[in-house]
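Participant: Got a file for you: data_3.pdb, PDB, C-alpha atoms.
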MODEL        1
ATOM      1  CA  MET U   1       0.000   0.000   0.000
ATOM      2  CA  GLN U   2       1.357   3.392  -1.032
ATOM      3  CA  ARG U   3       0.228   6.971  -0.615
ATOM      4  CA  ILE U   4      -0.329   8.176  -4.169
ATOM      5  CA  CYS U   5      -1.392  11.612  -5.359
ATOM      6  CA  VAL U   6      -3.012  12.014  -8.773
ATOM      7  CA  ILE U   7      -3.132  15.530 -10.189
ATOM      8  CA  GLY U   8      -6.155  15.640 -12.480
ATOM      9  CA  GLY U   9      -7.730  12.220 -12.648
ATOM     10  CA  SER U  10     -11.269  13.451 -13.229
ATOM     11  CA  ARG U  11     -11.943  11.892 -16.643
ATOM     12  CA  TYR U  12     -11.039   9.195 -19.154
ATOM     13  CA  PHE U  13      -7.922   7.153 -18.383
ATOM     14  CA  GLY U  14      -7.057   9.458 -15.468
ATOM     15  CA  ARG U  15     -10.221   8.528 -13.630
ATOM     16  CA  LEU U  16      -9.678   4.891 -14.541
ATOM     17  CA  LEU U  17      -6.180   5.120 -13.044
ATOM     18  CA  VAL U  18      -7.644   6.403  -9.782
ATOM     19  CA  GLU U  19     -10.073   3.481  -9.712
ATOM     20  CA  ARG U  20      -7.223   1.045 -10.411
ATOM     21  CA  LEU U  21      -5.134   2.529  -7.593
ATOM     22  CA  LEU U  22      -8.014   2.235  -5.134
ATOM     23  CA  ALA U  23      -8.693  -1.356  -6.179
ATOM     24  CA  ALA U  24      -5.017  -2.161  -5.585
ATOM     25  CA  GLY U  25      -5.355  -0.946  -1.991
ATOM     26  CA  HIS U  26      -3.433   2.313  -2.239
ATOM     27  CA  LEU U  27      -4.272   5.480  -0.320
ATOM     28  CA  VAL U  28      -5.208   7.926  -3.063
ATOM     29  CA  THR U  29      -5.361  11.706  -3.018
ATOM     30  CA  VAL U  30      -6.778  13.496  -6.062
ATOM     31  CA  VAL U  31      -5.902  17.131  -6.683
ATOM     32  CA  ASN U  32      -8.087  19.062  -9.107
ATOM     33  CA  ARG U  33     -10.205  22.192  -9.337
ATOM     34  CA  GLY U  34     -13.335  20.387  -8.204
ATOM     35  CA  SER U  35     -15.096  20.327 -11.563
ATOM     36  CA  ALA U  36     -15.901  16.621 -11.131
ATOM     37  CA  PRO U  37     -16.104  14.533  -7.955
ATOM     38  CA  PRO U  38     -13.569  11.716  -7.656
ATOM     39  CA  PRO U  39     -14.555   8.111  -6.888
ATOM     40  CA  ALA U  40     -15.611   7.262  -3.352
ATOM     41  CA  GLY U  41     -12.735   6.509  -1.017
ATOM     42  CA  VAL U  42     -10.456   9.229  -2.382
ATOM     43  CA  ASP U  43      -8.949  12.096  -0.385
ATOM     44  CA  HIS U  44     -10.037  15.038  -2.534
ATOM     45  CA  VAL U  45      -7.950  18.228  -2.512
ATOM     46  CA  VAL U  46      -9.556  21.112  -4.420
ATOM     47  CA  ALA U  47      -6.923  23.521  -5.704
ATOM     48  CA  ASP U  48      -5.731  25.276  -8.851
ATOM     49  CA  ARG U  49      -2.347  23.772  -9.699
ATOM     50  CA  ASN U  50      -1.332  27.065 -11.316
ATOM     51  CA  ASP U  51      -1.617  28.902  -7.976
ATOM     52  CA  GLU U  52       1.495  27.832  -6.084
ATOM     53  CA  ALA U  53       0.555  29.280  -2.703
ATOM     54  CA  ALA U  54      -2.998  27.935  -2.858
ATOM     55  CA  LEU U  55      -1.796  24.474  -3.936
ATOM     56  CA  ALA U  56       0.738  24.275  -1.123
ATOM     57  CA  ALA U  57      -1.822  25.462   1.419
ATOM     58  CA  ALA U  58      -4.469  22.989   0.213
ATOM     59  CA  LEU U  59      -2.022  20.083   0.473
ATOM     60  CA  GLY U  60      -1.136  21.071   4.006
ATOM     61  CA  ALA U  61       1.140  18.531   5.665
ATOM     62  CA  ARG U  62       0.361  15.733   3.194
ATOM     63  CA  SER U  63       3.239  13.718   1.764
ATOM     64  CA  PHE U  64       3.225  10.908  -0.794
ATOM     65  CA  ASP U  65       5.223   7.993  -2.034
ATOM     66  CA  VAL U  66       4.303   8.829  -5.635
ATOM     67  CA  VAL U  67       2.696  11.696  -7.544
ATOM     68  CA  VAL U  68       1.126  10.963 -10.950
ATOM     69  CA  ASP U  69       0.587  14.210 -12.850
ATOM     70  CA  GLN U  70      -2.055  13.849 -15.548
ATOM     71  CA  VAL U  71      -2.456  17.512 -16.459
ATOM     72  CA  CYS U  72       0.974  19.139 -16.735
ATOM     73  CA  TYR U  73       1.082  21.047 -20.017
ATOM     74  CA  THR U  74       3.670  23.802 -19.552
ATOM     75  CA  PRO U  75       7.082  24.410 -18.006
ATOM     76  CA  VAL U  76       5.490  26.967 -15.696
ATOM     77  CA  GLN U  77       3.115  24.333 -14.298
ATOM     78  CA  ALA U  78       6.058  21.948 -13.981
ATOM     79  CA  ALA U  79       8.105  24.540 -12.098
ATOM     80  CA  VAL U  80       5.247  25.123  -9.645
ATOM     81  CA  ALA U  81       4.875  21.386  -9.115
ATOM     82  CA  ALA U  82       8.622  20.935  -8.637
ATOM     83  CA  ARG U  83       8.653  23.505  -5.839
ATOM     84  CA  VAL U  84       5.453  22.353  -4.148
ATOM     85  CA  PHE U  85       6.205  18.625  -4.203
ATOM     86  CA  ALA U  86       9.922  18.767  -3.431
ATOM     87  CA  GLY U  87      10.190  17.026  -0.064
ATOM     88  CA  ARG U  88       6.590  15.764  -0.299
ATOM     89  CA  THR U  89       7.192  12.788  -2.604
ATOM     90  CA  GLY U  90       9.930  10.369  -3.525
ATOM     91  CA  ARG U  91       8.692   9.759  -7.091
ATOM     92  CA  TYR U  92       6.954  11.924  -9.676
ATOM     93  CA  VAL U  93       5.412  10.492 -12.864
ATOM     94  CA  MET U  94       4.167  12.861 -15.572
ATOM     95  CA  THR U  95       1.854  11.824 -18.399
ATOM     96  CA  SER U  96       3.361  13.138 -21.623
ATOM     97  CA  THR U  97       2.621  12.490 -25.295
ATOM     98  CA  ILE U  98       3.808  10.978 -28.563
ATOM     99  CA  GLU U  99       3.583  14.483 -29.992
ATOM    100  CA  VAL U 100       6.912  15.415 -28.407
ATOM    101  CA  TYR U 101       8.420  13.510 -31.362
ATOM    102  CA  ASP U 102       6.474  15.336 -34.066
ATOM    103  CA  PRO U 103       9.141  16.737 -36.416
ATOM    104  CA  ALA U 104       6.705  19.430 -37.522
ATOM    105  CA  THR U 105       6.896  21.027 -34.065
ATOM    106  CA  ALA U 106      10.654  21.114 -33.392
ATOM    107  CA  ALA U 107      14.048  20.509 -34.968
ATOM    108  CA  LEU U 108      14.662  16.907 -33.943
ATOM    109  CA  PRO U 109      17.271  14.320 -34.921
ATOM    110  CA  PRO U 110      15.959  12.490 -37.995
ATOM    111  CA  VAL U 111      14.772   8.902 -37.608
ATOM    112  CA  PRO U 112      14.500   6.815 -40.800
ATOM    113  CA  VAL U 113      10.957   6.050 -41.911
ATOM    114  CA  GLY U 114      10.014   2.609 -40.677
ATOM    115  CA  VAL U 115      12.265   2.780 -37.604
ATOM    116  CA  PRO U 116      10.215   3.157 -34.392
ATOM    117  CA  VAL U 117      11.257   6.338 -32.592
ATOM    118  CA  PRO U 118      13.110   5.722 -29.300
ATOM    119  CA  GLU U 119      12.959   7.921 -26.207
ATOM    120  CA  GLY U 120      16.430   9.384 -26.729
ATOM    121  CA  VAL U 121      15.308  11.452 -29.727
ATOM    122  CA  VAL U 122      13.925  13.970 -27.225
ATOM    123  CA  ASP U 123      16.212  14.200 -24.192
ATOM    124  CA  PRO U 124      14.568  16.336 -21.497
ATOM    125  CA  ALA U 125      17.854  16.681 -19.607
ATOM    126  CA  GLY U 126      19.163  18.998 -22.295
ATOM    127  CA  TRP U 127      15.984  20.451 -23.758
ATOM    128  CA  PRO U 128      15.852  24.287 -23.597
ATOM    129  CA  VAL U 129      13.219  25.882 -21.380
ATOM    130  CA  ASP U 130      11.644  29.334 -21.724
ATOM    131  CA  LEU U 131       9.386  30.215 -18.824
ATOM    132  CA  GLU U 132       8.731  33.687 -20.279
ATOM    133  CA  LEU U 133       6.687  32.499 -23.243
ATOM    134  CA  PRO U 134       2.911  33.213 -22.956
ATOM    135  CA  TRP U 135       2.068  29.785 -21.528
ATOM    136  CA  ASP U 136      -1.079  31.136 -19.860
ATOM    137  CA  ASP U 137      -2.555  32.149 -23.230
ATOM    138  CA  GLY U 138      -4.968  29.455 -24.381
ATOM    139  CA  ALA U 139      -4.392  29.922 -28.106
ATOM    140  CA  PHE U 140      -0.617  29.893 -27.696
ATOM    141  CA  LEU U 141      -0.730  26.791 -25.517
ATOM    142  CA  GLU U 142      -2.917  24.943 -28.017
ATOM    143  CA  SER U 143      -0.516  25.758 -30.849
ATOM    144  CA  GLN U 144       2.500  24.786 -28.715
ATOM    145  CA  TYR U 145       1.098  21.643 -27.083
ATOM    146  CA  ALA U 146       4.060  19.431 -28.003
ATOM    147  CA  GLU U 147       6.635  22.052 -26.989
ATOM    148  CA  GLY U 148       4.830  22.655 -23.701
ATOM    149  CA  LYS U 149       5.119  18.951 -22.899
ATOM    150  CA  ARG U 150       8.803  18.858 -23.906
ATOM    151  CA  GLN U 151       9.634  21.815 -21.697
ATOM    152  CA  ALA U 152       7.532  20.495 -18.788
ATOM    153  CA  GLU U 153       9.493  17.240 -18.924
ATOM    154  CA  ALA U 154      12.730  19.229 -19.001
ATOM    155  CA  VAL U 155      11.846  21.260 -15.904
ATOM    156  CA  LEU U 156      10.883  18.208 -13.852
ATOM    157  CA  THR U 157      13.888  16.205 -15.055
ATOM    158  CA  ARG U 158      16.276  18.901 -13.825
ATOM    159  CA  ALA U 159      14.343  19.868 -10.697
ATOM    160  CA  GLY U 160      15.781  17.371  -8.234
ATOM    161  CA  GLY U 161      13.956  16.667  -4.988
ATOM    162  CA  PHE U 162      12.385  13.452  -6.317
ATOM    163  CA  ALA U 163      12.923  10.702  -8.886
ATOM    164  CA  PHE U 164      11.190  11.725 -12.119
ATOM    165  CA  ALA U 165       9.722   9.694 -14.985
ATOM    166  CA  SER U 166       7.573  10.707 -17.939
ATOM    167  CA  VAL U 167       5.176   8.403 -19.765
ATOM    168  CA  ARG U 168       4.874   9.431 -23.407
ATOM    169  CA  SER U 169       1.498   8.105 -24.431
ATOM    170  CA  ALA U 170       0.507   7.106 -27.936
ATOM    171  CA  HIS U 171      -2.849   8.254 -29.311
ATOM    172  CA  VAL U 172      -5.459   7.008 -26.838
ATOM    173  CA  LEU U 173      -8.635   5.290 -28.070
ATOM    174  CA  GLY U 174     -11.522   3.345 -26.567
ATOM    175  CA  GLY U 175     -14.259   4.077 -24.098
ATOM    176  CA  GLY U 176     -16.950   5.398 -26.414
ATOM    177  CA  ALA U 177     -18.216   8.778 -25.248
ATOM    178  CA  ARG U 178     -15.488   8.905 -22.595
ATOM    179  CA  GLU U 179     -12.981   9.448 -25.415
ATOM    180  CA  PHE U 180     -13.630  13.179 -25.259
ATOM    181  CA  THR U 181     -11.380  14.233 -28.172
ATOM    182  CA  GLY U 182     -13.859  12.775 -30.660
ATOM    183  CA  ARG U 183     -11.117  11.598 -33.010
ATOM    184  CA  LEU U 184     -12.394   8.051 -33.405
ATOM    185  CA  ALA U 185     -15.954   9.390 -33.610
ATOM    186  CA  HIS U 186     -14.773  11.472 -36.579
ATOM    187  CA  TYR U 187     -14.227   8.222 -38.478
ATOM    188  CA  THR U 188     -17.294   6.332 -37.321
ATOM    189  CA  GLU U 189     -19.589   9.219 -38.171
ATOM    190  CA  ARG U 190     -18.091  10.008 -41.562
ATOM    191  CA  ILE U 191     -17.857   6.430 -42.748
ATOM    192  CA  ALA U 192     -21.356   5.586 -41.530
ATOM    193  CA  GLU U 193     -22.752   8.642 -43.321
ATOM    194  CA  GLY U 194     -20.703   8.219 -46.498
ATOM    195  CA  ARG U 195     -18.789  11.451 -45.952
ATOM    196  CA  ALA U 196     -15.180  11.806 -47.041
ATOM    197  CA  ILE U 197     -12.141  11.352 -44.839
ATOM    198  CA  ALA U 198      -9.333  13.774 -45.666
ATOM    199  CA  VAL U 199      -6.039  11.903 -46.056
ATOM    200  CA  HIS U 200      -2.508  12.638 -47.206
ATOM    201  CA  ALA U 201      -1.326  11.280 -50.532
ATOM    202  CA  GLU U 202       1.143   8.939 -48.822
ATOM    203  CA  PRO U 203       0.107   8.736 -45.158
ATOM    204  CA  LEU U 204       2.574   7.278 -42.689
ATOM    205  CA  PRO U 205       1.616   4.985 -39.814
ATOM    206  CA  THR U 206       1.330   5.933 -36.179
ATOM    207  CA  VAL U 207       0.789   4.072 -32.898
ATOM    208  CA  PHE U 208      -2.130   3.837 -30.483
ATOM    209  CA  ILE U 209      -2.931   2.654 -26.981
ATOM    210  CA  HIS U 210      -6.220   1.581 -25.404
ATOM    211  CA  HIS U 211      -7.353   3.776 -22.519
ATOM    212  CA  GLU U 212      -7.491   0.812 -20.137
ATOM    213  CA  GLU U 213      -3.983  -0.281 -21.115
ATOM    214  CA  LEU U 214      -2.664   3.236 -20.477
ATOM    215  CA  ALA U 215      -4.287   3.257 -17.029
ATOM    216  CA  ASP U 216      -2.649  -0.109 -16.332
ATOM    217  CA  LEU U 217       0.728   1.176 -17.492
ATOM    218  CA  LEU U 218       0.494   4.284 -15.308
ATOM    219  CA  LEU U 219      -0.412   2.067 -12.341
ATOM    220  CA  TRP U 220       2.672  -0.037 -13.106
ATOM    221  CA  ALA U 221       4.849   3.064 -13.583
ATOM    222  CA  ALA U 222       3.786   4.444 -10.215
ATOM    223  CA  GLY U 223       5.218   1.384  -8.507
ATOM    224  CA  ALA U 224       8.283   0.975 -10.705
ATOM    225  CA  ALA U 225      11.762   2.423 -10.181
ATOM    226  CA  PHE U 226      12.723   3.627 -13.677
ATOM    227  CA  THR U 227      13.407   7.276 -14.377
ATOM    228  CA  GLY U 228      13.407   9.323 -17.561
ATOM    229  CA  PRO U 229      11.028   9.125 -20.515
ATOM    230  CA  LEU U 230       9.127   5.958 -21.410
ATOM    231  CA  ASN U 231       7.096   5.376 -24.572
ATOM    232  CA  ALA U 232       3.668   3.783 -24.123
ATOM    233  CA  CYS U 233       1.998   2.229 -27.154
ATOM    234  CA  SER U 234       0.313  -1.025 -28.084
ATOM    235  CA  ASP U 235       2.074  -3.283 -30.560
ATOM    236  CA  GLY U 236       1.358  -2.703 -34.239
ATOM    237  CA  GLU U 237       1.587   0.466 -36.307
ATOM    238  CA  LEU U 238      -1.460   1.612 -38.261
ATOM    239  CA  ASP U 239      -1.949   4.256 -40.926
ATOM    240  CA  VAL U 240      -5.126   6.203 -41.621
ATOM    241  CA  HIS U 241      -6.282   3.709 -44.258
ATOM    242  CA  GLY U 242      -5.890   0.820 -41.804
ATOM    243  CA  LEU U 243      -7.870   2.715 -39.199
ATOM    244  CA  ALA U 244     -10.612   3.523 -41.701
ATOM    245  CA  ALA U 245     -10.728  -0.129 -42.760
ATOM    246  CA  ALA U 246     -11.240  -1.209 -39.137
ATOM    247  CA  VAL U 247     -14.152   1.213 -38.832
ATOM    248  CA  ALA U 248     -15.585   0.184 -42.202
ATOM    249  CA  ALA U 249     -15.540  -3.479 -41.174
ATOM    250  CA  ARG U 250     -17.897  -2.623 -38.291
ATOM    251  CA  VAL U 251     -20.031  -0.128 -40.186
ATOM    252  CA  GLY U 252     -20.435  -2.337 -43.254
ATOM    253  CA  ARG U 253     -19.683   0.500 -45.627
ATOM    254  CA  ASP U 254     -16.525   1.315 -47.583
ATOM    255  CA  PRO U 255     -14.743   4.517 -46.541
ATOM    256  CA  VAL U 256     -14.624   7.474 -48.901
ATOM    257  CA  CYS U 257     -11.202   9.137 -48.938
ATOM    258  CA  ARG U 258     -10.300  12.583 -50.258
ATOM    259  CA  THR U 259      -6.605  13.281 -50.803
ATOM    260  CA  VAL U 260      -5.471  16.668 -49.533
ATOM    261  CA  PRO U 261      -2.748  18.733 -51.213
ATOM    262  CA  ALA U 262       0.705  18.758 -49.666
ATOM    263  CA  GLY U 263       0.569  20.686 -46.407
ATOM    264  CA  GLY U 264      -3.224  20.699 -46.362
ATOM    265  CA  PRO U 265      -5.313  19.834 -43.278
ATOM    266  CA  ALA U 266      -6.245  16.172 -42.963
ATOM    267  CA  SER U 267      -8.363  13.999 -40.701
ATOM    268  CA  PRO U 268      -6.959  12.981 -37.308
ATOM    269  CA  PHE U 269      -4.259  10.278 -37.475
ATOM    270  CA  SER U 270      -3.387  10.985 -41.113
ATOM    271  CA  PHE U 271       0.292  11.950 -40.969
ATOM    272  CA  ASP U 272       2.680  13.044 -43.689
ATOM    273  CA  ARG U 273       5.677  12.689 -41.357
ATOM    274  CA  HIS U 274       7.196   9.839 -39.384
ATOM    275  CA  TYR U 275       7.166   9.657 -35.595
ATOM    276  CA  ALA U 276       5.665   6.294 -34.650
ATOM    277  CA  MET U 277       7.194   5.342 -31.298
ATOM    278  CA  SER U 278       9.134   2.321 -30.096
ATOM    279  CA  ASN U 279       7.882   0.594 -26.931
ATOM    280  CA  ALA U 280      11.058  -1.467 -26.516
ATOM    281  CA  ARG U 281      12.180   0.233 -23.305
ATOM    282  CA  ALA U 282       8.909  -0.443 -21.480
ATOM    283  CA  LYS U 283       9.051  -4.073 -22.582
ATOM    284  CA  GLU U 284      12.621  -4.399 -21.333
ATOM    285  CA  LEU U 285      11.455  -3.037 -17.977
ATOM    286  CA  GLY U 286       8.743  -5.690 -17.803
ATOM    287  CA  PHE U 287       5.510  -4.225 -19.158
ATOM    288  CA  ALA U 288       3.616  -6.429 -21.650
ATOM    289  CA  PHE U 289       1.604  -4.593 -24.297
ATOM    290  CA  SER U 290      -1.463  -5.769 -26.171
ATOM    291  CA  ARG U 291      -1.838  -5.577 -29.934
ATOM    292  CA  THR U 292      -3.780  -2.695 -31.433
ATOM    293  CA  ALA U 293      -5.436  -5.079 -33.890
ATOM    294  CA  ASP U 294      -6.916  -7.051 -30.986
ATOM    295  CA  TRP U 295      -8.639  -4.179 -29.155
ATOM    296  CA  LEU U 296      -9.424  -1.736 -31.993
ATOM    297  CA  PRO U 297     -12.629  -3.487 -33.184
ATOM    298  CA  GLY U 298     -14.073  -3.211 -29.681
ATOM    299  CA  ALA U 299     -13.130   0.474 -29.479
ATOM    300  CA  VAL U 300     -14.850   1.079 -32.814
ATOM    301  CA  ALA U 301     -17.954  -0.743 -31.578
ATOM    302  CA  GLU U 302     -18.038   1.480 -28.467
ATOM    303  CA  ALA U 303     -17.787   4.596 -30.625
ATOM    304  CA  LEU U 304     -20.645   3.370 -32.825
ATOM    305  CA  ASP U 305     -22.755   2.572 -29.761
ATOM    306  CA  SER U 306     -22.149   6.097 -28.440
ATOM    307  CA  ARG U 307     -23.200   7.523 -31.783
ATOM    308  CA  SER U 308     -26.408   5.473 -31.759
ATOM    309  CA  ALA U 309     -27.193   6.531 -28.178
ATOM    310  CA  SER U 310     -26.846  10.224 -29.082
ATOM    311  CA  ASP U 311     -29.053  10.029 -32.187
TER     312      ASP U 311
ENDMDL
END
Take the structure I supplied and represent it as structure tokens, if you would.
Facilitator:
Amino acid sequence: MQRICVIGGSRYFGRLLVERLLAAGHLVTVVNRGSAPPPAGVDHVVADRNDEAALAAALGARSFDVVVDQVCYTPVQAAVAARVFAGRTGRYVMTSTIEVYDPATAALPPVPVGVPVPEGVVDPAGWPVDLELPWDDGAFLESQYAEGKRQAEAVLTRAGGFAFASVRSAHVLGGGAREFTGRLAHYTERIAEGRAIAVHAEPLPTVFIHHEELADLLLWAAGAAFTGPLNACSDGELDVHGLAAAVAARVGRDPVCRTVPAGGPASPFSFDRHYAMSNARAKELGFAFSRTADWLPGAVAEALDSRSASD
């Protein structure tokens, strides 16, 4: 039994993680702004993580074995967390993203197409940080999502005061309406209605992870001893045509694809650049991944059920 703090944890795989932690017998504290109640049995701390003084005051004398940060998007948020939790926890795990590897968002070392991207391509220990950028501006943050995650990892890596690990998640699917981004729903709705999917002329594959598998991995990471970045993705790359085919198999209707000009906007998960991750490090550390092909049909079925329920 450990004392574990989850920052965020109010929806999707974050809430599932909290439920998993409780089921495993851990003492769980959830820190969020109070927009959604946590599961029963949780110590709920209502605070704005951006307000350092208020966060420290709300936590009081609490200390933890592990902190799992689900909602750290900027280096400023990371710097606040580093100061507040220094001396309060021995381990800090941040949920990061595959998008840190997107070559369209930063000058990164090239990785040959077809070679899964390893963690070392983005090294947070040496990544530059600029706390003076307008990280509190919503439009700026949305446009700089990947860079915000890279710099947040960098701040926490260099902070000291606790052992730090980041989990770089692949694109998360599954859960029907709980998958709040609506990216899989984009495909189920368009294919079911015969509307076109916008794709690149030569789309490259990417990687995915089921929301339950990501919750399981974060539970495992909380109790592990590794530090540094860790890629989290199910086995099996998939391009936009493979994803559309999986949806079409459930819908019973062939997808309609519209090719976009070079540089043009495309549907989610259609990529004209390579950054599909390698999960070799997590496997070497002992985590066993499922195959995307095994769980994707069920995720598509959930998305279709959600669509039917909302009609």
Participant: To one decimal place, how far is atom CA of Ser278 of chain U from atom CA of Ala152 of chain U in Å?
Facilitator: 21.5 Å
Participant: Evaluate the PyMOL selection byres ((chain U and resi 4) around 9) against this structure - the residues, as a VMD selection string, please.
Facilitator: chain U and resid 2 to 3 5 to 6 21 26 to 30 63 to 68 89 222
Participant: Please identify all polymer residues within 12 Å of Val46 of chain U, counting all atoms listed in the file, omitting same-chain residues fewer than 6 positions from it, and present them as a list in words.
Facilitator: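 With the cut-off at 12 Å, the set is Ile7, Gly8, Ser10, Thr29, Val30, Val31, Asn32, Arg33, Gly34, Ser35, Ala36, Pro37, Pro38, Ala54, Leu55, Ala56, Ala57, Ala58, Leu59 and Gly60 of chain U.
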Participant: Let me see the file: selected residues, C-alpha atoms, as a short mmCIF file (atom, residue, chain, number, x, y, z; two decimals), in the coordinates of the input.
Facilitator:
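For reference, selection13.cif as written:
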data_model
loop_
_atom_site.label_atom_id
_atom_site.label_comp_id
_atom_site.auth_asym_id
_atom_site.auth_seq_id
_atom_site.Cartn_x
_atom_site.Cartn_y
_atom_site.Cartn_z
CA ILE U 7 -3.13 15.53 -10.19
CA GLY U 8 -6.16 15.64 -12.48
CA SER U 10 -11.27 13.45 -13.23
CA THR U 29 -5.36 11.71 -3.02
CA VAL U 30 -6.78 13.50 -6.06
CA VAL U 31 -5.90 17.13 -6.68
CA ASN U 32 -8.09 19.06 -9.11
CA ARG U 33 -10.20 22.19 -9.34
CA GLY U 34 -13.34 20.39 -8.20
CA SER U 35 -15.10 20.33 -11.56
CA ALA U 36 -15.90 16.62 -11.13
CA PRO U 37 -16.10 14.53 -7.96
CA PRO U 38 -13.57 11.72 -7.66
CA ALA U 54 -3.00 27.94 -2.86
CA LEU U 55 -1.80 24.47 -3.94
CA ALA U 56 0.74 24.28 -1.12
CA ALA U 57 -1.82 25.46 1.42
CA ALA U 58 -4.47 22.99 0.21
CA LEU U 59 -2.02 20.08 0.47
CA GLY U 60 -1.14 21.07 4.01
#
Participant: Would you mind listing what lies within 10 Å of Gly114 of chain U as a PyMOL selection string, with all atoms listed in the file counted and same-chain residues fewer than 2 positions away left out?
Facilitator: chain U and resi 111-112+116-117+204-205+237+274-276
Participant: Would you mind telling me which residue in U:Arg273, U:Arg291, U:His200, U:Arg15 lies nearest to Thr259 of chain U when using all atoms listed in the file?
Facilitator: U:His200
Participant: Return as a VMD selection string the set of residues that the PyMOL selection byres ((chain U and resi 22) around 10) yields on the displayed structure.
Facilitator: chain U and resid 1 4 16 to 21 23 to 28 39 to 42
Participant: Taking C-alpha atoms for each residue, export the selection above as a PDB file, in the coordinates of the input.
Facilitator:
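Resulting contents of selection.pdb:
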ATOM      1  CA  MET U   1       0.000   0.000   0.000  1.00  0.00           C
ATOM      2  CA  ILE U   4      -0.329   8.176  -4.169  1.00  0.00           C
ATOM      3  CA  LEU U  16      -9.678   4.891 -14.541  1.00  0.00           C
ATOM      4  CA  LEU U  17      -6.180   5.120 -13.044  1.00  0.00           C
ATOM      5  CA  VAL U  18      -7.644   6.403  -9.782  1.00  0.00           C
ATOM      6  CA  GLU U  19     -10.073   3.481  -9.712  1.00  0.00           C
ATOM      7  CA  ARG U  20      -7.223   1.045 -10.411  1.00  0.00           C
ATOM      8  CA  LEU U  21      -5.134   2.529  -7.593  1.00  0.00           C
ATOM      9  CA  ALA U  23      -8.693  -1.356  -6.179  1.00  0.00           C
ATOM     10  CA  ALA U  24      -5.017  -2.161  -5.585  1.00  0.00           C
ATOM     11  CA  GLY U  25      -5.355  -0.946  -1.991  1.00  0.00           C
ATOM     12  CA  HIS U  26      -3.433   2.313  -2.239  1.00  0.00           C
ATOM     13  CA  LEU U  27      -4.272   5.480  -0.320  1.00  0.00           C
ATOM     14  CA  VAL U  28      -5.208   7.926  -3.063  1.00  0.00           C
ATOM     15  CA  PRO U  39     -14.555   8.111  -6.888  1.00  0.00           C
ATOM     16  CA  ALA U  40     -15.611   7.262  -3.352  1.00  0.00           C
ATOM     17  CA  GLY U  41     -12.735   6.509  -1.017  1.00  0.00           C
ATOM     18  CA  VAL U  42     -10.456   9.229  -2.382  1.00  0.00           C
TER      19      VAL U  42
END
Participant: Measuring between only C-alpha atoms, which one of U:Asp305, U:Asp272, U:Asp254, U:Glu99 shows the shortest distance to Arg190 of chain U?
Facilitator: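 Using only C-alpha atoms, Arg190 of chain U sits closest to U:Asp254.
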Participant: Got a sec: who's within 8 Å of Ala146 of chain U, counting all atoms listed in the file, leaving out chain neighbours fewer than 3 positions off, as a list in words?
Facilitator: Thr97, Glu99, Val100, Asp102, Thr105, Lys149 and Arg150 of chain U
Participant: Under the rule that only C-alpha atoms are counted, which of U:Ala221, U:Met277, U:Val115, U:Leu243 is the nearest residue to Tyr92 of chain U?
Facilitator: U:Ala221
Participant: Using only C-alpha atoms, which of U:Val113, U:Val155, U:Ala104, U:Ala86 sits nearest Thr74 of chain U?
Facilitator: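 Of U:Val113, U:Val155, U:Ala104, U:Ala86, the one nearest Thr74 of chain U is U:Val155, counting only C-alpha atoms.
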Participant: Between U:Leu285, U:Leu108, U:Ala262, U:Ser96, which has the minimum distance to Gly148 of chain U (counting all atoms listed in the file)?
Facilitator: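 Ranked by minimum distance to Gly148 of chain U, first place goes to U:Ser96.
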Participant: Can you tell me, as a PyMOL selection string, what residues are no more than 9 Å from Asp130 of chain U when counting all atoms listed in the file, ignoring any on the same chain fewer than 6 positions away?
Facilitator: chain U and resi 75-76+151
Participant: Could you state the separation of atom CA of Tyr145 of chain U and atom CA of Ala224 of chain U in Å, given to one decimal place?
Facilitator: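 Going from atom CA of Tyr145 of chain U over to atom CA of Ala224 of chain U, I get 27.3 Å.
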Participant: Report the distance between atom CA of Leu218 of chain U and atom CA of Asp123 of chain U in Å, rounded to one decimal place.
Facilitator: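 Atom CA of Leu218 of chain U sits 20.6 Å away from atom CA of Asp123 of chain U.
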Participant: Restricting the calculation to all atoms listed in the file: of U:Phe208, U:Phe162, U:Phe226, U:Trp135, which residue gets closest to Phe85 of chain U?
Facilitator: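 Looking at the shortest contact to Phe85 of chain U, the residue is U:Phe162.
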Participant: I'd like to see the residues matched by the PyMOL selection byres ((chain U and resi 196) around 12) on this file, and ideally I'd get them as number ranges by chain.
Facilitator: U: 186-195, 197-199, 244, 254-260, 266-267
Participant: Report as a ChimeraX atom specification all protein, DNA and RNA residues lying within 7 Å of Pro203 of chain U, evaluated on all atoms listed in the file, omitting residues in the same chain fewer than 6 positions from it.
Facilitator: /U:239-240,270-272
Participant: How big is the axis-aligned box around all listed atoms of segment 136-152 of chain U once 6 Å goes on each side, and where's its centre, in Å to one decimal, as lines of an AutoDock Vina configuration file?
Facilitator:
center_x = 2.3
center_y = 25.5
center_z = -24.8
size_x = 26.6
size_y = 25.3
size_z = 24.1
